[in-house]
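File shown: upload08.txt. Contents: compact mmCIF, C-alpha atoms (C1' of nucleotides).
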```
# COMPACT_ATOMS: atom_id res chain seq x y z
CA MET K 1 -2.17 -186.85 -101.12
CA ASP K 2 0.96 -185.13 -99.97
CA VAL K 3 4.25 -186.83 -99.47
CA LEU K 4 4.62 -186.08 -95.80
CA LYS K 5 1.41 -187.89 -95.05
CA LYS K 6 2.39 -190.79 -97.26
CA LEU K 7 5.63 -191.24 -95.37
CA ARG K 8 3.97 -190.91 -91.97
CA ASP K 9 1.32 -193.43 -92.99
CA VAL K 10 3.99 -196.06 -93.46
CA LYS K 11 5.87 -194.99 -90.33
CA LEU K 12 8.95 -193.72 -92.13
CA ARG K 13 10.41 -190.61 -90.61
CA PRO K 14 10.05 -187.90 -93.25
CA THR K 15 13.63 -186.80 -93.67
CA LYS K 16 14.79 -184.28 -96.25
CA GLN K 17 16.10 -187.04 -98.50
CA ARG K 18 13.02 -189.21 -98.27
CA ILE K 19 10.76 -186.28 -99.01
CA LEU K 20 12.85 -185.33 -102.02
CA LEU K 21 12.82 -188.87 -103.35
CA ALA K 22 9.15 -189.40 -102.64
CA ASN K 23 8.32 -186.20 -104.50
CA LEU K 24 10.23 -187.39 -107.53
CA ILE K 25 8.96 -190.94 -107.48
CA LEU K 26 5.50 -191.06 -106.00
CA ASP K 27 3.70 -188.59 -108.19
CA GLY K 28 1.03 -191.07 -109.16
CA LYS K 29 2.51 -191.86 -112.54
CA ASN K 30 3.87 -195.33 -113.26
CA LYS K 31 7.62 -195.27 -113.71
CA HIS K 32 10.52 -197.68 -113.87
CA PHE K 33 13.92 -196.57 -112.70
CA THR K 34 17.17 -197.60 -111.08
CA ALA K 35 19.05 -196.20 -108.10
CA GLU K 36 21.44 -194.43 -110.46
CA THR K 37 18.86 -192.82 -112.70
CA ILE K 38 17.15 -191.44 -109.62
CA GLN K 39 20.39 -190.04 -108.31
CA LYS K 40 20.95 -188.27 -111.63
CA GLU K 41 17.44 -186.88 -111.55
CA VAL K 42 18.05 -185.61 -108.02
CA SER K 43 21.24 -183.89 -109.06
CA THR K 44 19.67 -182.22 -112.09
CA LYS K 45 17.22 -180.65 -109.62
CA GLY K 46 20.24 -179.16 -107.89
CA HIS K 47 20.31 -181.55 -104.93
CA ASN K 48 22.61 -184.30 -103.89
CA ILE K 49 21.90 -187.61 -102.16
CA SER K 50 24.48 -190.32 -101.73
CA LEU K 51 23.93 -193.55 -103.56
CA ALA K 52 23.94 -195.44 -100.28
CA THR K 53 21.02 -193.34 -99.08
CA ILE K 54 19.18 -193.83 -102.35
CA TYR K 55 19.49 -197.57 -101.96
CA ASN K 56 18.46 -197.34 -98.30
CA CYS K 57 15.39 -195.32 -99.13
CA LEU K 58 14.28 -197.29 -102.15
CA ASN K 59 14.65 -200.53 -100.20
CA LYS K 60 12.64 -199.08 -97.32
CA PHE K 61 9.99 -197.92 -99.78
CA VAL K 62 9.84 -201.42 -101.19
CA ASN K 63 9.53 -202.94 -97.71
CA VAL K 64 6.55 -200.80 -96.85
CA GLY K 65 4.91 -201.32 -100.23
CA LEU K 66 5.35 -197.84 -101.70
CA LEU K 67 7.47 -199.35 -104.45
CA LYS K 68 7.95 -202.68 -106.12
CA GLN K 69 11.18 -204.26 -107.17
CA ILE K 70 11.15 -205.95 -110.55
CA ASP K 71 11.86 -209.65 -110.20
CA GLN K 72 15.31 -210.67 -111.10
CA GLN K 73 15.76 -214.23 -109.82
CA GLY K 74 18.65 -213.35 -107.54
CA GLU K 75 21.88 -211.74 -108.62
CA VAL K 76 23.70 -214.62 -110.27
CA THR K 77 23.25 -215.68 -113.86
CA ILE K 78 21.37 -218.95 -114.17
CA PHE K 79 21.93 -221.17 -117.19
CA ASP K 80 19.40 -223.67 -118.47
CA THR K 81 20.08 -226.73 -120.60
CA ASN K 82 16.53 -226.57 -121.89
CA VAL K 83 17.06 -224.26 -124.86
CA SER K 84 13.55 -224.56 -126.21
CA HIS K 85 10.95 -221.99 -125.34
CA HIS K 86 9.47 -222.72 -121.93
CA HIS K 87 8.34 -221.23 -118.64
CA HIS K 88 9.35 -221.60 -115.00
CA PHE K 89 8.20 -222.14 -111.50
CA LEU K 90 10.33 -220.17 -109.06
CA ASN K 91 10.46 -221.67 -105.60
CA GLN K 92 10.60 -218.56 -103.46
CA ASN K 93 11.86 -220.51 -100.47
CA THR K 94 14.95 -221.85 -102.18
CA GLY K 95 15.35 -219.82 -105.37
CA GLU K 96 15.14 -223.05 -107.35
CA LEU K 97 13.68 -223.00 -110.86
CA THR K 98 11.65 -225.79 -112.46
CA ASP K 99 10.71 -225.99 -116.12
CA ILE K 100 7.15 -225.68 -117.37
CA GLU K 101 6.59 -226.91 -120.89
CA PRO K 102 5.09 -224.26 -123.16
CA ASN K 103 1.99 -226.33 -123.91
CA GLU K 104 1.16 -226.24 -120.20
CA ILE K 105 0.26 -222.57 -120.52
CA THR K 106 -2.07 -221.01 -123.05
CA PHE K 107 -3.64 -217.59 -123.13
CA SER K 108 -7.26 -216.65 -123.63
CA LYS K 109 -6.43 -212.97 -123.64
CA PHE K 110 -3.15 -211.48 -124.76
CA PRO K 111 -2.15 -207.83 -125.14
CA LYS K 112 -1.58 -206.19 -128.50
CA ILE K 113 2.13 -205.83 -129.28
CA PRO K 114 2.92 -202.10 -129.48
CA ARG K 115 2.91 -200.57 -132.96
CA GLY K 116 6.23 -200.99 -134.72
CA PHE K 117 7.36 -203.89 -132.57
CA GLN K 118 7.22 -207.63 -132.87
CA ASN K 119 6.77 -210.36 -130.30
CA ASP K 120 10.16 -211.78 -129.43
CA GLY K 121 9.18 -214.35 -126.82
CA VAL K 122 6.94 -214.73 -123.81
CA GLU K 123 8.20 -215.86 -120.44
CA VAL K 124 5.85 -216.78 -117.65
CA LEU K 125 7.24 -217.00 -114.16
CA ILE K 126 5.02 -218.62 -111.55
CA LYS K 127 6.29 -217.90 -108.08
CA ILE K 128 5.47 -220.56 -105.51
CA ARG K 129 6.19 -221.14 -101.85
CA ASP K 130 5.25 -223.62 -99.22
CA MET Y 1 25.25 -238.23 -129.57
CA ASP Y 2 28.73 -237.75 -128.24
CA VAL Y 3 30.11 -234.51 -126.98
CA LEU Y 4 32.91 -234.17 -129.50
CA LYS Y 5 30.44 -234.21 -132.34
CA LYS Y 6 28.19 -231.73 -130.57
CA LEU Y 7 31.03 -229.28 -130.19
CA ARG Y 8 32.22 -229.72 -133.76
CA ASP Y 9 28.68 -229.23 -135.01
CA VAL Y 10 28.61 -225.75 -133.53
CA LYS Y 11 32.19 -225.01 -134.63
CA LEU Y 12 33.66 -224.82 -131.17
CA ARG Y 13 37.11 -226.32 -130.90
CA PRO Y 14 36.76 -229.29 -128.55
CA THR Y 15 39.27 -228.43 -125.87
CA LYS Y 16 39.76 -230.41 -122.69
CA GLN Y 17 37.75 -227.92 -120.65
CA ARG Y 18 34.86 -227.67 -123.10
CA ILE Y 19 34.61 -231.45 -123.33
CA LEU Y 20 34.59 -231.75 -119.56
CA LEU Y 21 31.88 -229.12 -119.20
CA ALA Y 22 29.82 -230.45 -122.06
CA ASN Y 23 29.88 -233.91 -120.52
CA LEU Y 24 28.61 -232.55 -117.24
CA ILE Y 25 26.00 -230.28 -118.70
CA LEU Y 26 24.71 -231.67 -121.95
CA ASP Y 27 23.61 -235.11 -120.86
CA GLY Y 28 20.11 -234.65 -122.17
CA LYS Y 29 18.59 -233.90 -118.80
CA ASN Y 30 17.17 -230.47 -118.08
CA LYS Y 31 19.21 -228.64 -115.49
CA HIS Y 32 19.58 -225.16 -114.08
CA PHE Y 33 22.93 -224.07 -112.73
CA THR Y 34 25.29 -221.18 -112.22
CA ALA Y 35 28.95 -220.74 -113.14
CA GLU Y 36 29.92 -221.44 -109.54
CA THR Y 37 27.86 -224.59 -109.06
CA ILE Y 38 29.40 -226.00 -112.22
CA GLN Y 39 32.88 -225.19 -111.01
CA LYS Y 40 32.17 -227.05 -107.77
CA GLU Y 41 30.84 -230.01 -109.70
CA VAL Y 42 33.98 -230.02 -111.83
CA SER Y 43 36.20 -229.98 -108.77
CA THR Y 44 34.33 -232.82 -107.05
CA LYS Y 45 35.16 -234.89 -110.13
CA GLY Y 46 38.80 -234.17 -109.37
CA HIS Y 47 39.34 -231.58 -112.09
CA ASN Y 48 39.90 -227.87 -112.02
CA ILE Y 49 38.76 -225.16 -114.41
CA SER Y 50 39.12 -221.47 -113.68
CA LEU Y 51 35.96 -219.46 -113.23
CA ALA Y 52 36.96 -217.22 -116.13
CA THR Y 53 37.03 -220.25 -118.40
CA ILE Y 54 33.72 -221.50 -117.08
CA TYR Y 55 32.15 -218.15 -117.89
CA ASN Y 56 33.83 -218.11 -121.30
CA CYS Y 57 32.57 -221.58 -122.12
CA LEU Y 58 29.06 -221.14 -120.83
CA ASN Y 59 28.72 -217.88 -122.72
CA LYS Y 60 29.99 -219.53 -125.90
CA PHE Y 61 27.55 -222.38 -125.36
CA VAL Y 62 24.76 -219.86 -125.02
CA ASN Y 63 25.82 -218.04 -128.20
CA VAL Y 64 25.67 -221.21 -130.26
CA GLY Y 65 22.39 -222.33 -128.72
CA LEU Y 66 23.61 -225.27 -126.66
CA LEU Y 67 22.47 -223.48 -123.52
CA LYS Y 68 20.01 -220.81 -122.58
CA GLN Y 69 20.50 -218.03 -120.12
CA ILE Y 70 17.58 -217.32 -117.85
CA ASP Y 71 16.27 -213.81 -118.37
CA GLN Y 72 17.29 -211.34 -115.81
CA GLN Y 73 16.49 -207.91 -117.24
CA GLY Y 74 20.05 -206.68 -117.10
CA GLU Y 75 22.18 -206.53 -114.01
CA VAL Y 76 20.79 -203.50 -112.22
CA THR Y 77 17.81 -203.54 -109.91
CA ILE Y 78 14.78 -201.91 -111.45
CA PHE Y 79 12.15 -200.34 -109.24
CA ASP Y 80 8.54 -199.84 -110.26
CA THR Y 81 6.06 -197.37 -108.82
CA ASN Y 82 3.23 -199.62 -109.90
CA VAL Y 83 2.97 -201.80 -106.81
CA SER Y 84 -0.11 -203.68 -107.93
CA HIS Y 85 0.18 -207.02 -109.62
CA HIS Y 86 0.95 -206.53 -113.31
CA HIS Y 87 3.03 -207.73 -116.24
CA HIS Y 88 5.62 -206.17 -118.54
CA PHE Y 89 6.74 -205.64 -122.07
CA LEU Y 90 10.52 -205.69 -122.30
CA ASN Y 91 11.88 -203.69 -125.20
CA GLN Y 92 14.89 -205.78 -126.17
CA ASN Y 93 16.41 -202.91 -128.13
CA THR Y 94 16.56 -200.51 -125.21
CA GLY Y 95 15.96 -202.60 -122.08
CA GLU Y 96 12.95 -200.43 -121.30
CA LEU Y 97 9.99 -201.92 -119.44
CA THR Y 98 6.35 -201.00 -119.96
CA ASP Y 99 3.48 -202.05 -117.73
CA ILE Y 100 0.74 -204.41 -118.81
CA GLU Y 101 -2.36 -204.38 -116.65
CA PRO Y 102 -3.25 -207.80 -115.27
CA ASN Y 103 -6.63 -207.87 -116.95
CA GLU Y 104 -4.87 -207.67 -120.32
CA ILE Y 105 -3.69 -211.25 -119.89
CA THR Y 106 -5.78 -214.25 -119.00
CA PHE Y 107 -5.00 -217.93 -119.21
CA SER Y 108 -6.99 -220.70 -120.81
CA LYS Y 109 -4.55 -223.33 -119.58
CA PHE Y 110 -2.45 -223.05 -116.46
CA PRO Y 111 -0.16 -225.62 -114.86
CA LYS Y 112 -0.96 -227.34 -111.59
CA ILE Y 113 1.00 -225.83 -108.68
CA PRO Y 114 3.31 -228.55 -107.32
CA ARG Y 115 2.04 -230.48 -104.31
CA GLY Y 116 2.77 -228.74 -101.06
CA PHE Y 117 3.22 -225.32 -102.62
CA GLN Y 118 0.98 -222.37 -103.21
CA ASN Y 119 0.83 -219.84 -106.01
CA ASP Y 120 2.65 -216.71 -104.91
CA GLY Y 121 2.27 -214.58 -108.02
CA VAL Y 122 2.50 -214.86 -111.79
CA GLU Y 123 4.69 -212.59 -113.87
CA VAL Y 124 4.45 -212.52 -117.62
CA LEU Y 125 7.26 -210.92 -119.56
CA ILE Y 126 6.63 -210.24 -123.22
CA LYS Y 127 9.86 -209.50 -125.02
CA ILE Y 128 9.50 -207.22 -128.03
CA ARG Y 129 11.83 -205.66 -130.56
CA ASP Y 130 11.49 -203.56 -133.65
C1' DA S 1 16.69 -176.70 -75.54
C1' DT S 2 18.00 -181.49 -75.04
C1' DC S 3 18.16 -186.29 -75.78
C1' DT S 4 17.90 -190.32 -78.40
C1' DA S 5 16.85 -193.47 -81.83
C1' DG S 6 16.76 -193.51 -86.40
C1' DT S 7 19.21 -191.52 -90.78
C1' DT S 8 22.67 -190.13 -93.80
C1' DT S 9 27.13 -190.34 -95.51
C1' DA S 10 31.86 -191.35 -97.44
C1' DG S 11 34.35 -194.76 -98.24
C1' DA S 12 35.48 -199.63 -97.52
C1' DA S 13 33.82 -204.23 -98.43
C1' DT S 14 31.62 -207.78 -101.12
C1' DA S 15 30.35 -210.38 -105.00
C1' DA S 16 29.44 -211.51 -109.86
C1' DT S 17 31.35 -211.03 -114.06
C1' DT S 18 34.56 -209.41 -117.62
C1' DC S 19 39.08 -207.93 -119.14
C1' DT S 20 44.10 -208.30 -119.86
C1' DA S 21 48.09 -210.17 -121.26
C1' DA S 22 50.89 -214.09 -121.12
C1' DC S 23 50.98 -218.77 -121.90
C1' DC S 24 49.15 -223.04 -123.98
C1' DT S 25 47.03 -226.27 -127.47
C1' DG S 26 44.00 -227.99 -131.41
C1' DT S 27 44.03 -227.99 -136.19
C1' DT S 28 45.68 -227.20 -140.63
C1' DG S 29 48.61 -227.74 -144.45
C1' DA S 30 53.19 -228.76 -146.04
C1' DT X 1 54.46 -235.94 -138.95
C1' DC X 2 55.01 -231.52 -137.24
C1' DA X 3 55.59 -226.45 -137.25
C1' DA X 4 52.89 -222.42 -137.14
C1' DC X 5 49.23 -219.85 -135.65
C1' DA X 6 44.53 -218.80 -134.48
C1' DG X 7 41.96 -219.52 -130.91
C1' DG X 8 41.54 -220.98 -125.93
C1' DT X 9 42.85 -220.90 -120.99
C1' DT X 10 44.38 -218.74 -116.96
C1' DA X 11 45.52 -215.80 -112.78
C1' DG X 12 44.76 -211.89 -111.25
C1' DA X 13 43.33 -207.11 -112.02
C1' DA X 14 39.39 -204.31 -113.22
C1' DT X 15 34.60 -203.20 -113.20
C1' DT X 16 30.09 -202.66 -111.49
C1' DA X 17 26.08 -202.98 -108.45
C1' DT X 18 25.03 -203.14 -103.97
C1' DT X 19 25.64 -203.42 -98.94
C1' DC X 20 28.22 -202.52 -94.76
C1' DT X 21 30.62 -199.65 -91.26
C1' DA X 22 31.24 -196.23 -88.21
C1' DA X 23 30.94 -191.53 -87.48
C1' DA X 24 28.25 -187.37 -87.94
C1' DC X 25 23.59 -185.58 -88.18
C1' DT X 26 18.54 -184.71 -87.30
C1' DA X 27 13.41 -185.34 -86.44
C1' DG X 28 10.51 -185.67 -82.87
C1' DA X 29 9.48 -186.41 -78.04
C1' DT X 30 10.18 -184.57 -73.55
```

Rendering of file as structure tokens:
Amino acid sequence: MDVLKKLRDVKLRPTKQRILLANLILDGKNKHFTAETIQKEVSTKGHNISLATIYNCLNKFVNVGLLKQIDQQGEVTIFDTNVSHHHHFLNQNTGELTDIEPNEITFSKFPKIPRGFQNDGVEVLIKIRD
Amino acid sequence: MDVLKKLRDVKLRPTKQRILLANLILDGKNKHFTAETIQKEVSTKGHNISLATIYNCLNKFVNVGLLKQIDQQGEVTIFDTNVSHHHHFLNQNTGELTDIEPNEITFSKFPKIPRGFQNDGVEVLIKIRD
DNA sequence: ATCTAGTTTAGAATAATTCTAACCTGTTGA
DNA sequence: TCAACAGGTTAGAATTATTCTAAACTAGAT
């Protein structure tokens, strides 16, 4: 499906910048990236888009569901006195975290760790809201 | 166990500020907090510690294992073109994320969602390193 | 072709965190 | 006990990611 149609489908005016970004990003392959890496990629293609616009566009894309933003529990560092391995509930209404003891969660199916790597900890985040 | 001993055990010189913070934080109860909330708590007790010192102390406490820092995948926002529900490997060496399809992970035990709340999504992060 | 609402932009503003450099203070050993 | 110094604290500057502002631009409807 072409990019113009994709943008129209979600009622975003297909501007030059949005088309450029959508062509880079929405090619059907799964990618992870940041605003800055995208800006670099744009400029290596010989174009230029301001960082403000990149943020605007990516945020719009997220709002309409074309993109997802990886969870990052807000922008401040949260410290936890529970230093043992454990999981969390995240109250989406308040941002509050609550501990879940590790024995409260067990897996019946678990992915193979990629060749050459070792498991260095598993964190489960259960988002809740009222 | 008293706070002085705790600090000596981890070879941190027990200064006034560290003792104050340790008394607030390491009382055996599980808490989540930020540098700023701790500073406020300190000042309501009639003391004053600069934010820089709070960060210094908390980071030291984390390094020696008295505290844990909640994972936040670095400080930049990461976007993901995979908008469906899925999980991630986090390569601790590079910070790189890789998708895990949701059917790769299933649970045999799962905690009860707190009364009055509903499940709003589960994210599993498997940290790996070589 | 024109109008208008929505976009883009440079640069300022904001906010979390770290750095710097000067000052201060536990601890050690005489 | 106390001087010396390594390590700790601090205010404020620096850094970094992101958003805001206000002016200039443009897609799409008329």

| task | Tell me which protein, DNA and RNA residues are within 12 Å of DC3 (chain S), counting all atoms listed in the file, leaving out same-chain ones fewer than 5 positions away, and put them as number ranges by chain. | result | X: 26-30

Taking only C-alpha atoms (C1' of nucleotides) into account, produce a table as CSV in which each residue of chain S with an atom at most 12 Å from an atom of region 67-76 of chain K appears once, together with its shortest atom pair and the distance in Å to one decimal, ordered by chain and rising number.
```
residue,atom,partner,partner_atom,distance
S:DA15,C1',K:Glu75,CA,9.3
S:DA16,C1',K:Val76,CA,6.5
S:DT17,C1',K:Val76,CA,9.3
```

Can you check which residues of chain Y have any atom within 6 Å of chain K? Use all atoms listed in the file and format it as a short mmCIF file (atom, residue, chain, number, x, y, z; two decimals) with C-alpha atoms, in the coordinates of the input.
```
data_model
loop_
_atom_site.label_atom_id
_atom_site.label_comp_id
_atom_site.auth_asym_id
_atom_site.auth_seq_id
_atom_site.Cartn_x
_atom_site.Cartn_y
_atom_site.Cartn_z
CA ASN Y 30 17.17 -230.47 -118.08
CA LYS Y 31 19.21 -228.64 -115.49
CA HIS Y 32 19.58 -225.16 -114.08
CA PHE Y 33 22.93 -224.07 -112.73
CA THR Y 34 25.29 -221.18 -112.22
CA LEU Y 67 22.47 -223.48 -123.52
CA LYS Y 68 20.01 -220.81 -122.58
CA GLN Y 69 20.50 -218.03 -120.12
CA ILE Y 70 17.58 -217.32 -117.85
CA GLN Y 72 17.29 -211.34 -115.81
CA ILE Y 78 14.78 -201.91 -111.45
CA PHE Y 79 12.15 -200.34 -109.24
CA ASP Y 80 8.54 -199.84 -110.26
CA THR Y 81 6.06 -197.37 -108.82
CA ASN Y 82 3.23 -199.62 -109.90
CA VAL Y 83 2.97 -201.80 -106.81
CA GLU Y 104 -4.87 -207.67 -120.32
CA ILE Y 105 -3.69 -211.25 -119.89
CA THR Y 106 -5.78 -214.25 -119.00
CA PHE Y 107 -5.00 -217.93 -119.21
CA SER Y 108 -6.99 -220.70 -120.81
CA LYS Y 109 -4.55 -223.33 -119.58
CA PHE Y 110 -2.45 -223.05 -116.46
CA PRO Y 111 -0.16 -225.62 -114.86
CA GLY Y 116 2.77 -228.74 -101.06
CA PHE Y 117 3.22 -225.32 -102.62
CA GLN Y 118 0.98 -222.37 -103.21
CA ASN Y 119 0.83 -219.84 -106.01
CA ASP Y 120 2.65 -216.71 -104.91
CA GLY Y 121 2.27 -214.58 -108.02
CA VAL Y 122 2.50 -214.86 -111.79
CA GLU Y 123 4.69 -212.59 -113.87
CA VAL Y 124 4.45 -212.52 -117.62
CA LEU Y 125 7.26 -210.92 -119.56
CA ILE Y 126 6.63 -210.24 -123.22
CA LYS Y 127 9.86 -209.50 -125.02
CA ILE Y 128 9.50 -207.22 -128.03
CA ARG Y 129 11.83 -205.66 -130.56
CA ASP Y 130 11.49 -203.56 -133.65
#
```

| task | Work out how far apart CA of Lys5 (chain K) and CA of Ala22 (chain K) are and give it in Å to one decimal. | result | 10.9 Å

| Distance filter 9 Å, only C-alpha atoms (C1' of nucleotides), chain K against chain X, as a list in words |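 That gives Arg13, Pro14, Thr15, Ala52 and Tyr55 of chain K for chain K.
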
First collect every listed atom of region 4-22 of chain S; then fit an axis-aligned box around them, widen it by 5 Å on each side, and give centre and edge lengths in Å to one decimal, as lines of an AutoDock Vina configuration file.
```
center_x = 33.8
center_y = -202.1
center_z = -99.8
size_x = 44.1
size_y = 34.0
size_z = 52.9
```

Just add N, CA, C and O atoms to region 99-120 of chain K and send it as a PDB file, keeping the file's coordinate frame.
```
ATOM      1  N   ASP K  99      11.266-226.265-114.793  1.00  0.00           N
ATOM      2  CA  ASP K  99      10.710-225.990-116.120  1.00  0.00           C
ATOM      3  C   ASP K  99       9.210-226.246-116.190  1.00  0.00           C
ATOM      4  O   ASP K  99       8.689-227.156-115.552  1.00  0.00           O
ATOM      5  N   ILE K 100       8.552-225.454-117.008  1.00  0.00           N
ATOM      6  CA  ILE K 100       7.150-225.680-117.370  1.00  0.00           C
ATOM      7  C   ILE K 100       7.121-225.726-118.894  1.00  0.00           C
ATOM      8  O   ILE K 100       7.570-224.778-119.546  1.00  0.00           O
ATOM      9  N   GLU K 101       6.628-226.814-119.434  1.00  0.00           N
ATOM     10  CA  GLU K 101       6.590-226.910-120.890  1.00  0.00           C
ATOM     11  C   GLU K 101       5.609-225.885-121.458  1.00  0.00           C
ATOM     12  O   GLU K 101       4.593-225.578-120.824  1.00  0.00           O
ATOM     13  N   PRO K 102       5.917-225.355-122.630  1.00  0.00           N
ATOM     14  CA  PRO K 102       5.090-224.260-123.160  1.00  0.00           C
ATOM     15  C   PRO K 102       3.638-224.668-123.395  1.00  0.00           C
ATOM     16  O   PRO K 102       2.742-223.828-123.277  1.00  0.00           O
ATOM     17  N   ASN K 103       3.389-225.932-123.680  1.00  0.00           N
ATOM     18  CA  ASN K 103       1.990-226.330-123.910  1.00  0.00           C
ATOM     19  C   ASN K 103       1.193-226.439-122.613  1.00  0.00           C
ATOM     20  O   ASN K 103      -0.002-226.684-122.640  1.00  0.00           O
ATOM     21  N   GLU K 104       1.853-226.240-121.494  1.00  0.00           N
ATOM     22  CA  GLU K 104       1.160-226.240-120.200  1.00  0.00           C
ATOM     23  C   GLU K 104       0.465-224.914-119.935  1.00  0.00           C
ATOM     24  O   GLU K 104      -0.289-224.780-118.974  1.00  0.00           O
ATOM     25  N   ILE K 105       0.823-223.901-120.736  1.00  0.00           N
ATOM     26  CA  ILE K 105       0.260-222.570-120.520  1.00  0.00           C
ATOM     27  C   ILE K 105      -0.268-222.029-121.842  1.00  0.00           C
ATOM     28  O   ILE K 105       0.477-221.970-122.824  1.00  0.00           O
ATOM     29  N   THR K 106      -1.536-221.681-121.865  1.00  0.00           N
ATOM     30  CA  THR K 106      -2.070-221.010-123.050  1.00  0.00           C
ATOM     31  C   THR K 106      -2.882-219.803-122.597  1.00  0.00           C
ATOM     32  O   THR K 106      -3.366-219.758-121.468  1.00  0.00           O
ATOM     33  N   PHE K 107      -2.998-218.848-123.486  1.00  0.00           N
ATOM     34  CA  PHE K 107      -3.640-217.590-123.130  1.00  0.00           C
ATOM     35  C   PHE K 107      -5.015-217.475-123.768  1.00  0.00           C
ATOM     36  O   PHE K 107      -5.210-217.875-124.922  1.00  0.00           O
ATOM     37  N   SER K 108      -5.967-216.954-123.028  1.00  0.00           N
ATOM     38  CA  SER K 108      -7.260-216.650-123.630  1.00  0.00           C
ATOM     39  C   SER K 108      -7.347-215.173-123.948  1.00  0.00           C
ATOM     40  O   SER K 108      -8.151-214.730-124.755  1.00  0.00           O
ATOM     41  N   LYS K 109      -6.494-214.386-123.310  1.00  0.00           N
ATOM     42  CA  LYS K 109      -6.430-212.970-123.640  1.00  0.00           C
ATOM     43  C   LYS K 109      -4.970-212.558-123.612  1.00  0.00           C
ATOM     44  O   LYS K 109      -4.243-212.927-122.679  1.00  0.00           O
ATOM     45  N   PHE K 110      -4.562-211.825-124.623  1.00  0.00           N
ATOM     46  CA  PHE K 110      -3.150-211.480-124.760  1.00  0.00           C
ATOM     47  C   PHE K 110      -3.048-210.060-125.305  1.00  0.00           C
ATOM     48  O   PHE K 110      -3.788-209.705-126.217  1.00  0.00           O
ATOM     49  N   PRO K 111      -2.169-209.246-124.733  1.00  0.00           N
ATOM     50  CA  PRO K 111      -2.150-207.830-125.140  1.00  0.00           C
ATOM     51  C   PRO K 111      -1.621-207.634-126.566  1.00  0.00           C
ATOM     52  O   PRO K 111      -0.845-208.440-127.063  1.00  0.00           O
ATOM     53  N   LYS K 112      -2.071-206.543-127.167  1.00  0.00           N
ATOM     54  CA  LYS K 112      -1.580-206.190-128.500  1.00  0.00           C
ATOM     55  C   LYS K 112      -0.124-205.746-128.383  1.00  0.00           C
ATOM     56  O   LYS K 112       0.230-204.976-127.495  1.00  0.00           O
ATOM     57  N   ILE K 113       0.723-206.251-129.267  1.00  0.00           N
ATOM     58  CA  ILE K 113       2.130-205.830-129.280  1.00  0.00           C
ATOM     59  C   ILE K 113       2.163-204.380-129.767  1.00  0.00           C
ATOM     60  O   ILE K 113       1.500-204.040-130.745  1.00  0.00           O
ATOM     61  N   PRO K 114       2.903-203.510-129.092  1.00  0.00           N
ATOM     62  CA  PRO K 114       2.920-202.100-129.480  1.00  0.00           C
ATOM     63  C   PRO K 114       3.290-201.909-130.957  1.00  0.00           C
ATOM     64  O   PRO K 114       4.103-202.668-131.501  1.00  0.00           O
ATOM     65  N   ARG K 115       2.679-200.902-131.549  1.00  0.00           N
ATOM     66  CA  ARG K 115       2.910-200.570-132.960  1.00  0.00           C
ATOM     67  C   ARG K 115       4.403-200.445-133.245  1.00  0.00           C
ATOM     68  O   ARG K 115       5.136-199.770-132.526  1.00  0.00           O
ATOM     69  N   GLY K 116       4.834-201.110-134.322  1.00  0.00           N
ATOM     70  CA  GLY K 116       6.230-200.990-134.720  1.00  0.00           C
ATOM     71  C   GLY K 116       7.133-202.041-134.101  1.00  0.00           C
ATOM     72  O   GLY K 116       8.310-202.113-134.415  1.00  0.00           O
ATOM     73  N   PHE K 117       6.564-202.857-133.213  1.00  0.00           N
ATOM     74  CA  PHE K 117       7.360-203.890-132.570  1.00  0.00           C
ATOM     75  C   PHE K 117       6.842-205.267-132.925  1.00  0.00           C
ATOM     76  O   PHE K 117       5.716-205.415-133.397  1.00  0.00           O
ATOM     77  N   GLN K 118       7.683-206.267-132.680  1.00  0.00           N
ATOM     78  CA  GLN K 118       7.220-207.630-132.870  1.00  0.00           C
ATOM     79  C   GLN K 118       7.488-208.450-131.613  1.00  0.00           C
ATOM     80  O   GLN K 118       8.399-208.168-130.847  1.00  0.00           O
ATOM     81  N   ASN K 119       6.649-209.461-131.436  1.00  0.00           N
ATOM     82  CA  ASN K 119       6.770-210.360-130.300  1.00  0.00           C
ATOM     83  C   ASN K 119       8.066-211.147-130.415  1.00  0.00           C
ATOM     84  O   ASN K 119       8.335-211.781-131.420  1.00  0.00           O
ATOM     85  N   ASP K 120       8.870-211.105-129.374  1.00  0.00           N
ATOM     86  CA  ASP K 120      10.160-211.780-129.430  1.00  0.00           C
ATOM     87  C   ASP K 120      10.288-212.819-128.321  1.00  0.00           C
ATOM     88  O   ASP K 120      11.390-213.173-127.908  1.00  0.00           O
TER      89      ASP K 120
END
```
